[in-house]
file target.cif (mmCIF, C-alpha atoms and all ligand atoms)
data_start
#
loop_
_atom_site.group_PDB
_atom_site.id
_atom_site.type_symbol
_atom_site.label_atom_id
_atom_site.label_comp_id
_atom_site.auth_asym_id
_atom_site.auth_seq_id
_atom_site.Cartn_x
_atom_site.Cartn_y
_atom_site.Cartn_z
ATOM 1 C CA MET A 1437 -5.958 31.124 -19.791
ATOM 2 C CA PRO A 1438 -5.967 33.114 -23.079
ATOM 3 C CA MET A 1439 -8.366 31.872 -25.769
ATOM 4 C CA GLY A 1440 -6.777 29.410 -28.154
ATOM 5 C CA THR A 1441 -4.167 28.286 -25.629
ATOM 6 C CA LYS A 1442 -4.285 24.548 -25.187
ATOM 7 C CA LYS A 1443 -3.918 23.350 -21.611
ATOM 8 C CA THR A 1444 -1.110 20.860 -21.092
ATOM 9 C CA ARG A 1445 -2.702 17.624 -19.944
ATOM 10 C CA ILE A 1446 -0.797 15.931 -17.178
ATOM 11 C CA GLY A 1447 -1.812 12.514 -15.853
ATOM 12 C CA ILE A 1448 -0.604 10.813 -12.693
ATOM 13 C CA TYR A 1449 -0.291 7.021 -12.471
ATOM 14 C CA PRO A 1450 0.233 6.248 -8.791
ATOM 15 C CA GLY A 1451 1.212 2.985 -7.163
ATOM 16 C CA SER A 1452 3.685 1.065 -5.039
ATOM 17 C CA PHE A 1453 5.389 -0.653 -7.993
ATOM 18 C CA ASP A 1454 7.157 -3.146 -5.717
ATOM 19 C CA PRO A 1455 8.407 -4.081 -8.291
ATOM 20 C CA LEU A 1456 7.248 -2.871 -11.716
ATOM 21 C CA THR A 1457 5.559 -5.639 -13.734
ATOM 22 C CA ASN A 1458 4.564 -5.921 -17.384
ATOM 23 C CA GLY A 1459 1.025 -5.074 -16.249
ATOM 24 C CA HIS A 1460 2.202 -1.712 -14.907
ATOM 25 C CA LEU A 1461 4.398 -1.034 -17.939
ATOM 26 C CA ASP A 1462 1.509 -1.687 -20.318
ATOM 27 C CA ILE A 1463 -0.646 0.834 -18.428
ATOM 28 C CA ILE A 1464 2.228 3.376 -18.490
ATOM 29 C CA ILE A 1465 2.691 3.009 -22.259
ATOM 30 C CA ARG A 1466 -1.022 3.278 -23.008
ATOM 31 C CA ALA A 1467 -1.584 6.179 -20.585
ATOM 32 C CA SER A 1468 1.411 8.063 -22.016
ATOM 33 C CA ARG A 1469 -0.520 8.297 -25.298
ATOM 34 C CA LEU A 1470 -3.491 9.942 -23.581
ATOM 35 C CA PHE A 1471 -1.597 12.816 -21.947
ATOM 36 C CA ASP A 1472 1.001 15.399 -22.919
ATOM 37 C CA SER A 1473 2.898 14.253 -19.887
ATOM 38 C CA LEU A 1474 2.472 11.246 -17.602
ATOM 39 C CA ILE A 1475 3.998 11.156 -14.145
ATOM 40 C CA VAL A 1476 4.408 7.750 -12.542
ATOM 41 C CA GLY A 1477 3.979 8.504 -8.834
ATOM 42 C CA VAL A 1478 5.760 6.042 -6.598
ATOM 43 C CA LEU A 1479 4.212 6.016 -3.158
ATOM 44 C CA ARG A 1480 6.392 6.294 -0.092
ATOM 45 C CA ASN A 1481 4.400 4.592 2.619
ATOM 46 C CA ASP A 1482 6.438 3.787 5.688
ATOM 47 C CA ALA A 1483 3.561 1.766 7.147
ATOM 48 C CA LYS A 1484 3.755 -0.734 4.267
ATOM 49 C CA LYS A 1485 6.886 -2.869 4.126
ATOM 50 C CA THR A 1486 8.234 -3.083 0.598
ATOM 51 C CA LEU A 1487 10.843 -5.429 -0.855
ATOM 52 C CA PHE A 1488 12.456 -2.649 -2.880
ATOM 53 C CA SER A 1489 13.341 0.722 -1.360
ATOM 54 C CA MET A 1490 11.789 3.882 -2.692
ATOM 55 C CA GLU A 1491 14.943 4.719 -4.681
ATOM 56 C CA GLU A 1492 15.147 1.193 -6.127
ATOM 57 C CA ARG A 1493 11.515 1.212 -7.239
ATOM 58 C CA VAL A 1494 11.989 4.576 -8.948
ATOM 59 C CA ALA A 1495 15.222 3.377 -10.604
ATOM 60 C CA LEU A 1496 13.572 0.209 -11.982
ATOM 61 C CA ILE A 1497 10.735 2.213 -13.543
ATOM 62 C CA ASN A 1498 13.165 4.791 -14.953
ATOM 63 C CA LYS A 1499 15.190 2.014 -16.551
ATOM 64 C CA CYS A 1500 12.107 0.642 -18.327
ATOM 65 C CA THR A 1501 10.569 3.959 -19.417
ATOM 66 C CA LYS A 1502 13.659 5.894 -20.519
ATOM 67 C CA ASP A 1503 12.601 5.653 -24.175
ATOM 68 C CA ILE A 1504 9.162 7.181 -23.581
ATOM 69 C CA PRO A 1505 9.891 10.923 -23.686
ATOM 70 C CA ASN A 1506 6.723 12.145 -21.977
ATOM 71 C CA VAL A 1507 6.967 9.821 -18.955
ATOM 72 C CA LYS A 1508 8.542 10.995 -15.704
ATOM 73 C CA VAL A 1509 8.940 9.026 -12.487
ATOM 74 C CA GLU A 1510 8.624 10.758 -9.132
ATOM 75 C CA MET A 1511 8.121 9.697 -5.563
ATOM 76 C CA PHE A 1512 5.341 11.106 -3.443
ATOM 77 C CA GLU A 1513 3.991 10.785 0.074
ATOM 78 C CA GLY A 1514 0.852 11.944 1.793
ATOM 79 C CA LEU A 1515 -2.416 12.518 -0.023
ATOM 80 C CA LEU A 1516 -2.452 11.542 -3.681
ATOM 81 C CA VAL A 1517 -4.725 14.461 -4.614
ATOM 82 C CA ASP A 1518 -2.211 16.895 -3.090
ATOM 83 C CA PHE A 1519 0.499 15.413 -5.300
ATOM 84 C CA VAL A 1520 -1.825 15.687 -8.316
ATOM 85 C CA LYS A 1521 -2.402 19.384 -7.664
ATOM 86 C CA LYS A 1522 1.239 20.109 -6.910
ATOM 87 C CA LYS A 1523 2.105 18.729 -10.336
ATOM 88 C CA ASN A 1524 -0.621 20.775 -12.081
ATOM 89 C CA ALA A 1525 -2.274 17.529 -13.130
ATOM 90 C CA ASP A 1526 -5.993 16.807 -13.005
ATOM 91 C CA THR A 1527 -6.309 13.116 -13.779
ATOM 92 C CA ILE A 1528 -5.390 9.979 -11.878
ATOM 93 C CA VAL A 1529 -4.843 6.817 -13.922
ATOM 94 C CA ARG A 1530 -5.347 3.382 -12.403
ATOM 95 C CA GLY A 1531 -5.318 -0.083 -13.912
ATOM 96 C CA LEU A 1532 -8.073 -2.649 -13.452
ATOM 97 C CA ARG A 1533 -7.572 -6.382 -13.604
ATOM 98 C CA ALA A 1534 -10.309 -8.580 -12.246
ATOM 99 C CA VAL A 1535 -13.555 -7.694 -10.505
ATOM 100 C CA SER A 1536 -11.589 -8.067 -7.263
ATOM 101 C CA ASP A 1537 -9.735 -4.801 -7.978
ATOM 102 C CA TYR A 1538 -12.973 -2.933 -8.452
ATOM 103 C CA GLU A 1539 -14.149 -2.499 -4.879
ATOM 104 C CA TYR A 1540 -10.899 -1.026 -3.599
ATOM 105 C CA GLU A 1541 -10.435 1.150 -6.670
ATOM 106 C CA LEU A 1542 -14.004 2.456 -6.480
ATOM 107 C CA GLN A 1543 -13.538 3.315 -2.812
ATOM 108 C CA MET A 1544 -10.313 5.143 -3.509
ATOM 109 C CA ALA A 1545 -11.743 7.020 -6.505
ATOM 110 C CA MET A 1546 -14.816 8.052 -4.467
ATOM 111 C CA MET A 1547 -12.694 9.260 -1.583
ATOM 112 C CA ASN A 1548 -10.412 11.246 -3.874
ATOM 113 C CA LYS A 1549 -13.472 12.765 -5.579
ATOM 114 C CA HIS A 1550 -14.863 13.693 -2.170
ATOM 115 C CA ILE A 1551 -11.647 15.439 -1.128
ATOM 116 C CA SER A 1552 -10.948 17.023 -4.529
ATOM 117 C CA PRO A 1553 -13.963 17.101 -6.875
ATOM 118 C CA GLU A 1554 -11.892 18.686 -9.667
ATOM 119 C CA VAL A 1555 -9.625 15.643 -9.938
ATOM 120 C CA GLU A 1556 -10.837 12.792 -12.173
ATOM 121 C CA THR A 1557 -9.843 9.129 -11.945
ATOM 122 C CA ILE A 1558 -9.762 7.091 -15.139
ATOM 123 C CA PHE A 1559 -9.281 3.344 -15.415
ATOM 124 C CA LEU A 1560 -7.510 1.404 -18.111
ATOM 125 C CA MET A 1561 -8.389 -2.273 -18.427
ATOM 126 C CA THR A 1562 -5.491 -4.662 -18.177
ATOM 127 C CA ASP A 1563 -4.163 -6.341 -21.263
ATOM 128 C CA ILE A 1564 -5.511 -9.884 -21.302
ATOM 129 C CA ASN A 1565 -1.956 -11.262 -21.057
ATOM 130 C CA ASN A 1566 -1.357 -9.413 -17.783
ATOM 131 C CA SER A 1567 -4.707 -9.986 -16.144
ATOM 132 C CA PHE A 1568 -3.302 -12.455 -13.605
ATOM 133 C CA LEU A 1569 -0.172 -10.444 -12.880
ATOM 134 C CA SER A 1570 0.615 -8.712 -9.604
ATOM 135 C CA SER A 1571 3.814 -7.545 -7.913
ATOM 136 C CA SER A 1572 3.195 -9.874 -4.986
ATOM 137 C CA MET A 1573 2.820 -12.907 -7.280
ATOM 138 C CA VAL A 1574 6.061 -11.992 -9.054
ATOM 139 C CA LYS A 1575 7.882 -11.710 -5.713
ATOM 140 C CA ASP A 1576 6.464 -15.047 -4.569
ATOM 141 C CA VAL A 1577 7.547 -16.817 -7.741
ATOM 142 C CA ALA A 1578 11.030 -15.230 -7.627
ATOM 143 C CA VAL A 1579 11.578 -16.105 -3.946
ATOM 144 C CA HIS A 1580 10.943 -19.752 -4.771
ATOM 145 C CA GLY A 1581 13.221 -19.711 -7.798
ATOM 146 C CA GLY A 1582 10.440 -19.796 -10.400
ATOM 147 C CA ASN A 1583 10.667 -18.224 -13.831
ATOM 148 C CA ILE A 1584 9.579 -14.577 -13.884
ATOM 149 C CA GLN A 1585 10.592 -13.965 -17.478
ATOM 150 C CA GLY A 1586 7.679 -12.535 -19.436
ATOM 151 C CA LEU A 1587 6.028 -11.275 -16.241
ATOM 152 C CA VAL A 1588 8.286 -8.257 -15.753
ATOM 153 C CA PRO A 1589 10.327 -6.191 -18.220
ATOM 154 C CA ASP A 1590 13.527 -8.050 -19.255
ATOM 155 C CA ALA A 1591 15.651 -5.181 -17.903
ATOM 156 C CA VAL A 1592 14.551 -5.853 -14.314
ATOM 157 C CA VAL A 1593 14.525 -9.681 -14.164
ATOM 158 C CA ASP A 1594 18.054 -9.916 -12.722
ATOM 159 C CA ASP A 1595 17.476 -7.065 -10.257
ATOM 160 C CA ILE A 1596 14.524 -8.962 -8.814
ATOM 161 C CA TYR A 1597 16.363 -12.290 -8.461
ATOM 162 C CA LYS A 1598 19.317 -10.501 -6.855
ATOM 163 C CA LYS A 1599 17.054 -8.711 -4.422
ATOM 164 C CA VAL A 1600 15.095 -11.749 -3.246
ATOM 165 C CA LYS A 1601 18.350 -13.682 -2.797
ATOM 166 C CA ASN A 1602 19.816 -10.996 -0.547
ATOM 167 C CA ASP A 1603 16.641 -10.135 1.337
HETATM 168 P P1 LIG B 1 -1.133 -0.311 -5.282
HETATM 169 O O1 LIG B 1 -1.139 1.036 -5.938
HETATM 170 O O2 LIG B 1 -2.517 -0.737 -4.885
HETATM 171 O O3 LIG B 1 -0.107 -0.457 -4.208
HETATM 172 P P2 LIG B 1 0.335 -1.469 -7.509
HETATM 173 O O4 LIG B 1 1.486 -0.588 -7.278
HETATM 174 O O5 LIG B 1 0.650 -2.913 -7.715
HETATM 175 O O6 LIG B 1 -0.759 -1.395 -6.392
HETATM 176 O O7 LIG B 1 -0.485 -1.016 -8.792
HETATM 177 C C1 LIG B 1 -0.670 0.298 -9.235
HETATM 178 C C2 LIG B 1 -1.837 0.332 -10.198
HETATM 179 O O8 LIG B 1 -1.606 -0.544 -11.300
HETATM 180 C C3 LIG B 1 -3.170 -0.114 -9.620
HETATM 181 O O9 LIG B 1 -4.198 0.653 -10.215
HETATM 182 C C4 LIG B 1 -3.299 -1.552 -10.042
HETATM 183 O O10 LIG B 1 -4.645 -1.965 -10.135
HETATM 184 C C5 LIG B 1 -2.655 -1.486 -11.413
HETATM 185 N N1 LIG B 1 -2.141 -2.793 -11.816
HETATM 186 C C6 LIG B 1 -1.381 -3.639 -11.098
HETATM 187 N N2 LIG B 1 -1.095 -4.768 -11.813
HETATM 188 C C7 LIG B 1 -1.723 -4.616 -13.007
HETATM 189 C C8 LIG B 1 -1.867 -5.450 -14.167
HETATM 190 N N3 LIG B 1 -1.316 -6.658 -14.226
HETATM 191 N N4 LIG B 1 -2.594 -4.982 -15.207
HETATM 192 C C9 LIG B 1 -3.178 -3.749 -15.117
HETATM 193 N N5 LIG B 1 -3.101 -2.931 -14.054
HETATM 194 C C10 LIG B 1 -2.388 -3.353 -13.015
#
call {"tool": "encode", "arguments": {"input": "target.cif", "output": "structure tokens"}}
result
Amino acid sequence: MPMGTKKTRIGIYPGSFDPLTNGHLDIIIRASRLFDSLIVGVLRNDAKKTLFSMEERVALINKCTKDIPNVKVEMFEGLLVDFVKKKNADTIVRGLRAVSDYEYELQMAMMNKHISPEVETIFLMTDINNSFLSSSMVKDVAVHGGNIQGLVPDAVVDDIYKKVKND
């Protein structure tokens, strides 16, 4: 790279996002300020049954991030580090809630570092208001007719109720 040329920093925030919650959206907004471009990577994993299809999960995130110009949503499959490299990114962003997230996240970060030492993982701490929030909790509450307002972006509340009703 010529001297004086600033490298474009691209971050990848990967996950299942089944569905997007306010916890995820908060991480997306905060991470978008740390990079020139942030790609939300939605994992296609046929071994894991999801409530929302790949296309639906991408559409819900797009709907909630359309006003953040440097955020893009893309699906990926296979190794995360391969997706990171394909996108010319070098940083993985993950969110941390309680201590219970730590073990799994550490394992994943270590494994990714082992496979691709040039790729860094950074962690953003959850906002205190979202620290108890998970996609599975949201689905559980919605299935039983509970109130999910305030747990997920307003724009997706109806999509979630509709989906659990028809599932
Ligand atoms: P996974 O990628 O393990 O399938 P998710 O798609 O739910 O899980 O989450 C993607 C990332 O967002 C993970 O790093 C997860 O820890 C983080 N995350 C999930 N919920 C929250 C929350 N409420 N606050 C902060 N980070 C969160």
call {"tool": "axis_aligned_box", "arguments": {"input": "target.cif", "around": "segment 1446-1465 of chain A", "padding_each_side": "5 Å", "output": "AutoDock Vina command-line options"}}
result
--center_x 3.3 --center_y 5.0 --center_z -13.6 --size_x 20.2 --size_y 31.9 --size_z 27.2
call {"tool": "closest_residue", "arguments": {"input": "target.cif", "among": "A:Asp1537, A:Asp1590, A:Glu1510, A:Asp1482", "to": "Thr1562 of chain A", "atoms": "all atoms listed in the file"}}
result
A:Asp1537
call {"tool": "residues_near_point", "arguments": {"input": "target.cif", "point": "(11.7, 2.7, -6.0)", "cutoff": "8 Å", "atoms": "only C-alpha atoms", "output": "PyMOL selection string"}}
result
chain A and resi 1453-1455+1478+1488-1497+1511
call {"tool": "residues_near_ligand", "arguments": {"input": "target.cif", "ligand": "ligand LIG 1 (chain B)", "cutoff": "6 Å", "atoms": "only C-alpha atoms and all ligand atoms", "output": "list in words"}}
result
Gly1451, Ser1452, Phe1453, Gly1459, His1460, Arg1530, Gly1531, Leu1532, Arg1533, Thr1562, Asn1566, Ser1567, Leu1569, Ser1570 and Ser1571 of chain A
call {"tool": "write_last_selection", "arguments": {"input": "target.cif", "atoms": "C-alpha atoms", "output": "PDB file, keeping the file's coordinate frame"}}
result
ATOM      1  CA  GLY A1451       1.212   2.985  -7.163  1.00  0.00           C
ATOM      2  CA  SER A1452       3.685   1.065  -5.039  1.00  0.00           C
ATOM      3  CA  PHE A1453       5.389  -0.653  -7.993  1.00  0.00           C
ATOM      4  CA  GLY A1459       1.025  -5.074 -16.249  1.00  0.00           C
ATOM      5  CA  HIS A1460       2.202  -1.712 -14.907  1.00  0.00           C
ATOM      6  CA  ARG A1530      -5.347   3.382 -12.403  1.00  0.00           C
ATOM      7  CA  GLY A1531      -5.318  -0.083 -13.912  1.00  0.00           C
ATOM      8  CA  LEU A1532      -8.073  -2.649 -13.452  1.00  0.00           C
ATOM      9  CA  ARG A1533      -7.572  -6.382 -13.604  1.00  0.00           C
ATOM     10  CA  THR A1562      -5.491  -4.662 -18.177  1.00  0.00           C
ATOM     11  CA  ASN A1566      -1.357  -9.413 -17.783  1.00  0.00           C
ATOM     12  CA  SER A1567      -4.707  -9.986 -16.144  1.00  0.00           C
ATOM     13  CA  LEU A1569      -0.172 -10.444 -12.880  1.00  0.00           C
ATOM     14  CA  SER A1570       0.615  -8.712  -9.604  1.00  0.00           C
ATOM     15  CA  SER A1571       3.814  -7.545  -7.913  1.00  0.00           C
TER      16      SER A1571
END
call {"tool": "residues_around", "arguments": {"input": "target.cif", "residues": "Val1507 of chain A", "least_positions_apart": "2", "cutoff": "9 Å", "atoms": "all atoms listed in the file", "output": "ChimeraX atom specification"}}
result
/A:1464-1465,1468,1473-1476,1498,1501-1505,1509
call {"tool": "resolve_selection", "arguments": {"input": "target.cif", "expression": "the PyMOL selection byres (((chain A and resi 1548) around 12) and not hetatm)", "output": "list in words"}}
result
Leu1515, Leu1516, Val1517, Asp1518, Phe1519, Val1520, Asp1526, Thr1527, Ile1528, Glu1541, Leu1542, Gln1543, Met1544, Ala1545, Met1546, Met1547, Lys1549, His1550, Ile1551, Ser1552, Pro1553, Glu1554, Val1555, Glu1556 and Thr1557 of chain A
call {"tool": "closest_residue", "arguments": {"input": "target.cif", "among": "A:Gly1447, A:Ile1584, A:Lys1523, A:Val1592", "to": "Leu1461 of chain A", "atoms": "all atoms listed in the file"}}
result
A:Val1592
call {"tool": "closest_residue", "arguments": {"input": "target.cif", "among": "A:Leu1487, A:Leu1560, A:Asp1576, A:Phe1568", "to": "Asn1602 of chain A", "atoms": "all atoms listed in the file"}}
result
A:Leu1487
call {"tool": "closest_residue", "arguments": {"input": "target.cif", "among": "A:Glu1539, A:Ala1525, A:Ala1534, A:Asp1472", "to": "Asn1506 of chain A", "atoms": "only C-alpha atoms"}}
result
A:Asp1472
call {"tool": "closest_residue", "arguments": {"input": "target.cif", "among": "A:Cys1500, A:Leu1470, A:Ala1578, A:Val1529", "to": "Leu1456 of chain A", "atoms": "only C-alpha atoms"}}
result
A:Cys1500
call {"tool": "build_atoms", "arguments": {"input": "target.cif", "residues": "segment 1558-1569 of chain A", "atoms": "all heavy atoms", "output": "JSON list (two decimals), keeping the file's coordinate frame"}}
result
[["chain", "number", "residue", "atom", "x", "y", "z"],
["A", 1558, "ILE", "N", -9.37, 7.93, -14.00],
["A", 1558, "ILE", "CA", -9.76, 7.09, -15.14],
["A", 1558, "ILE", "C", -9.10, 5.72, -14.99],
["A", 1558, "ILE", "O", -8.03, 5.59, -14.39],
["A", 1558, "ILE", "CB", -9.40, 7.72, -16.51],
["A", 1558, "ILE", "CG1", -7.90, 7.86, -16.69],
["A", 1558, "ILE", "CG2", -10.11, 9.05, -16.72],
["A", 1558, "ILE", "CD1", -7.50, 8.10, -18.15],
["A", 1559, "PHE", "N", -9.77, 4.72, -15.54],
["A", 1559, "PHE", "CA", -9.28, 3.34, -15.42],
["A", 1559, "PHE", "C", -8.98, 2.76, -16.78],
["A", 1559, "PHE", "O", -9.78, 2.88, -17.70],
["A", 1559, "PHE", "CB", -10.34, 2.48, -14.72],
["A", 1559, "PHE", "CG", -10.60, 2.92, -13.31],
["A", 1559, "PHE", "CD1", -11.64, 3.78, -13.01],
["A", 1559, "PHE", "CD2", -9.77, 2.50, -12.28],
["A", 1559, "PHE", "CE1", -11.86, 4.22, -11.72],
["A", 1559, "PHE", "CE2", -9.97, 2.92, -10.98],
["A", 1559, "PHE", "CZ", -11.03, 3.79, -10.70],
["A", 1560, "LEU", "N", -7.83, 2.14, -16.89],
["A", 1560, "LEU", "CA", -7.51, 1.40, -18.11],
["A", 1560, "LEU", "C", -7.59, -0.08, -17.78],
["A", 1560, "LEU", "O", -7.06, -0.53, -16.75],
["A", 1560, "LEU", "CB", -6.10, 1.76, -18.60],
["A", 1560, "LEU", "CG", -5.87, 3.21, -19.03],
["A", 1560, "LEU", "CD1", -4.46, 3.39, -19.59],
["A", 1560, "LEU", "CD2", -6.88, 3.62, -20.10],
["A", 1561, "MET", "N", -8.26, -0.83, -18.65],
["A", 1561, "MET", "CA", -8.39, -2.27, -18.43],
["A", 1561, "MET", "C", -7.07, -2.95, -18.74],
["A", 1561, "MET", "O", -6.41, -2.60, -19.73],
["A", 1561, "MET", "CB", -9.47, -2.86, -19.33],
["A", 1561, "MET", "CG", -10.84, -2.32, -19.05],
["A", 1561, "MET", "SD", -11.32, -2.62, -17.35],
["A", 1561, "MET", "CE", -12.56, -1.35, -17.15],
["A", 1562, "THR", "N", -6.72, -3.91, -17.96],
["A", 1562, "THR", "CA", -5.49, -4.66, -18.18],
["A", 1562, "THR", "C", -5.49, -5.32, -19.56],
["A", 1562, "THR", "O", -6.55, -5.62, -20.11],
["A", 1562, "THR", "CB", -5.34, -5.74, -17.10],
["A", 1562, "THR", "OG1", -4.07, -6.35, -17.23],
["A", 1562, "THR", "CG2", -6.42, -6.80, -17.19],
["A", 1563, "ASP", "N", -4.30, -5.53, -20.07],
["A", 1563, "ASP", "CA", -4.16, -6.34, -21.26],
["A", 1563, "ASP", "C", -4.45, -7.79, -20.83],
["A", 1563, "ASP", "O", -4.05, -8.19, -19.73],
["A", 1563, "ASP", "CB", -2.72, -6.23, -21.76],
["A", 1563, "ASP", "CG", -2.50, -6.99, -23.04],
["A", 1563, "ASP", "OD1", -2.26, -8.21, -22.98],
["A", 1563, "ASP", "OD2", -2.57, -6.36, -24.10],
["A", 1564, "ILE", "N", -5.09, -8.53, -21.69],
["A", 1564, "ILE", "CA", -5.51, -9.88, -21.30],
["A", 1564, "ILE", "C", -4.31, -10.74, -20.84],
["A", 1564, "ILE", "O", -4.42, -11.54, -19.92],
["A", 1564, "ILE", "CB", -6.31, -10.56, -22.44],
["A", 1564, "ILE", "CG1", -7.00, -11.81, -21.92],
["A", 1564, "ILE", "CG2", -5.42, -10.89, -23.64],
["A", 1564, "ILE", "CD1", -8.19, -12.22, -22.77],
["A", 1565, "ASN", "N", -3.14, -10.48, -21.43],
["A", 1565, "ASN", "CA", -1.96, -11.26, -21.06],
["A", 1565, "ASN", "C", -1.45, -10.95, -19.65],
["A", 1565, "ASN", "O", -0.66, -11.70, -19.09],
["A", 1565, "ASN", "CB", -0.82, -10.98, -22.05],
["A", 1565, "ASN", "CG", -1.18, -11.45, -23.43],
["A", 1565, "ASN", "OD1", -1.64, -12.57, -23.61],
["A", 1565, "ASN", "ND2", -1.02, -10.57, -24.40],
["A", 1566, "ASN", "N", -1.85, -9.82, -19.11],
["A", 1566, "ASN", "CA", -1.36, -9.41, -17.78],
["A", 1566, "ASN", "C", -2.42, -9.51, -16.70],
["A", 1566, "ASN", "O", -2.21, -9.08, -15.58],
["A", 1566, "ASN", "CB", -0.87, -7.96, -17.83],
["A", 1566, "ASN", "CG", 0.23, -7.75, -18.85],
["A", 1566, "ASN", "OD1", 1.05, -8.64, -19.05],
["A", 1566, "ASN", "ND2", 0.23, -6.61, -19.50],
["A", 1567, "SER", "N", -3.57, -10.08, -17.04],
["A", 1567, "SER", "CA", -4.71, -9.99, -16.14],
["A", 1567, "SER", "C", -4.49, -10.76, -14.84],
["A", 1567, "SER", "O", -5.17, -10.50, -13.85],
["A", 1567, "SER", "CB", -5.97, -10.47, -16.85],
["A", 1567, "SER", "OG", -5.76, -11.78, -17.30],
["A", 1568, "PHE", "N", -3.55, -11.67, -14.82],
["A", 1568, "PHE", "CA", -3.30, -12.46, -13.60],
["A", 1568, "PHE", "C", -2.07, -11.97, -12.86],
["A", 1568, "PHE", "O", -1.63, -12.57, -11.88],
["A", 1568, "PHE", "CB", -3.11, -13.94, -13.96],
["A", 1568, "PHE", "CG", -1.90, -14.15, -14.85],
["A", 1568, "PHE", "CD1", -0.68, -14.52, -14.30],
["A", 1568, "PHE", "CD2", -1.98, -13.93, -16.22],
["A", 1568, "PHE", "CE1", 0.44, -14.66, -15.10],
["A", 1568, "PHE", "CE2", -0.87, -14.07, -17.03],
["A", 1568, "PHE", "CZ", 0.34, -14.43, -16.47],
["A", 1569, "LEU", "N", -1.49, -10.88, -13.35],
["A", 1569, "LEU", "CA", -0.17, -10.44, -12.88],
["A", 1569, "LEU", "C", -0.24, -9.44, -11.75],
["A", 1569, "LEU", "O", -0.94, -8.44, -11.85],
["A", 1569, "LEU", "CB", 0.52, -9.74, -14.05],
["A", 1569, "LEU", "CG", 1.79, -10.32, -14.61],
["A", 1569, "LEU", "CD1", 2.31, -9.42, -15.71],
["A", 1569, "LEU", "CD2", 2.81, -10.52, -13.54]]
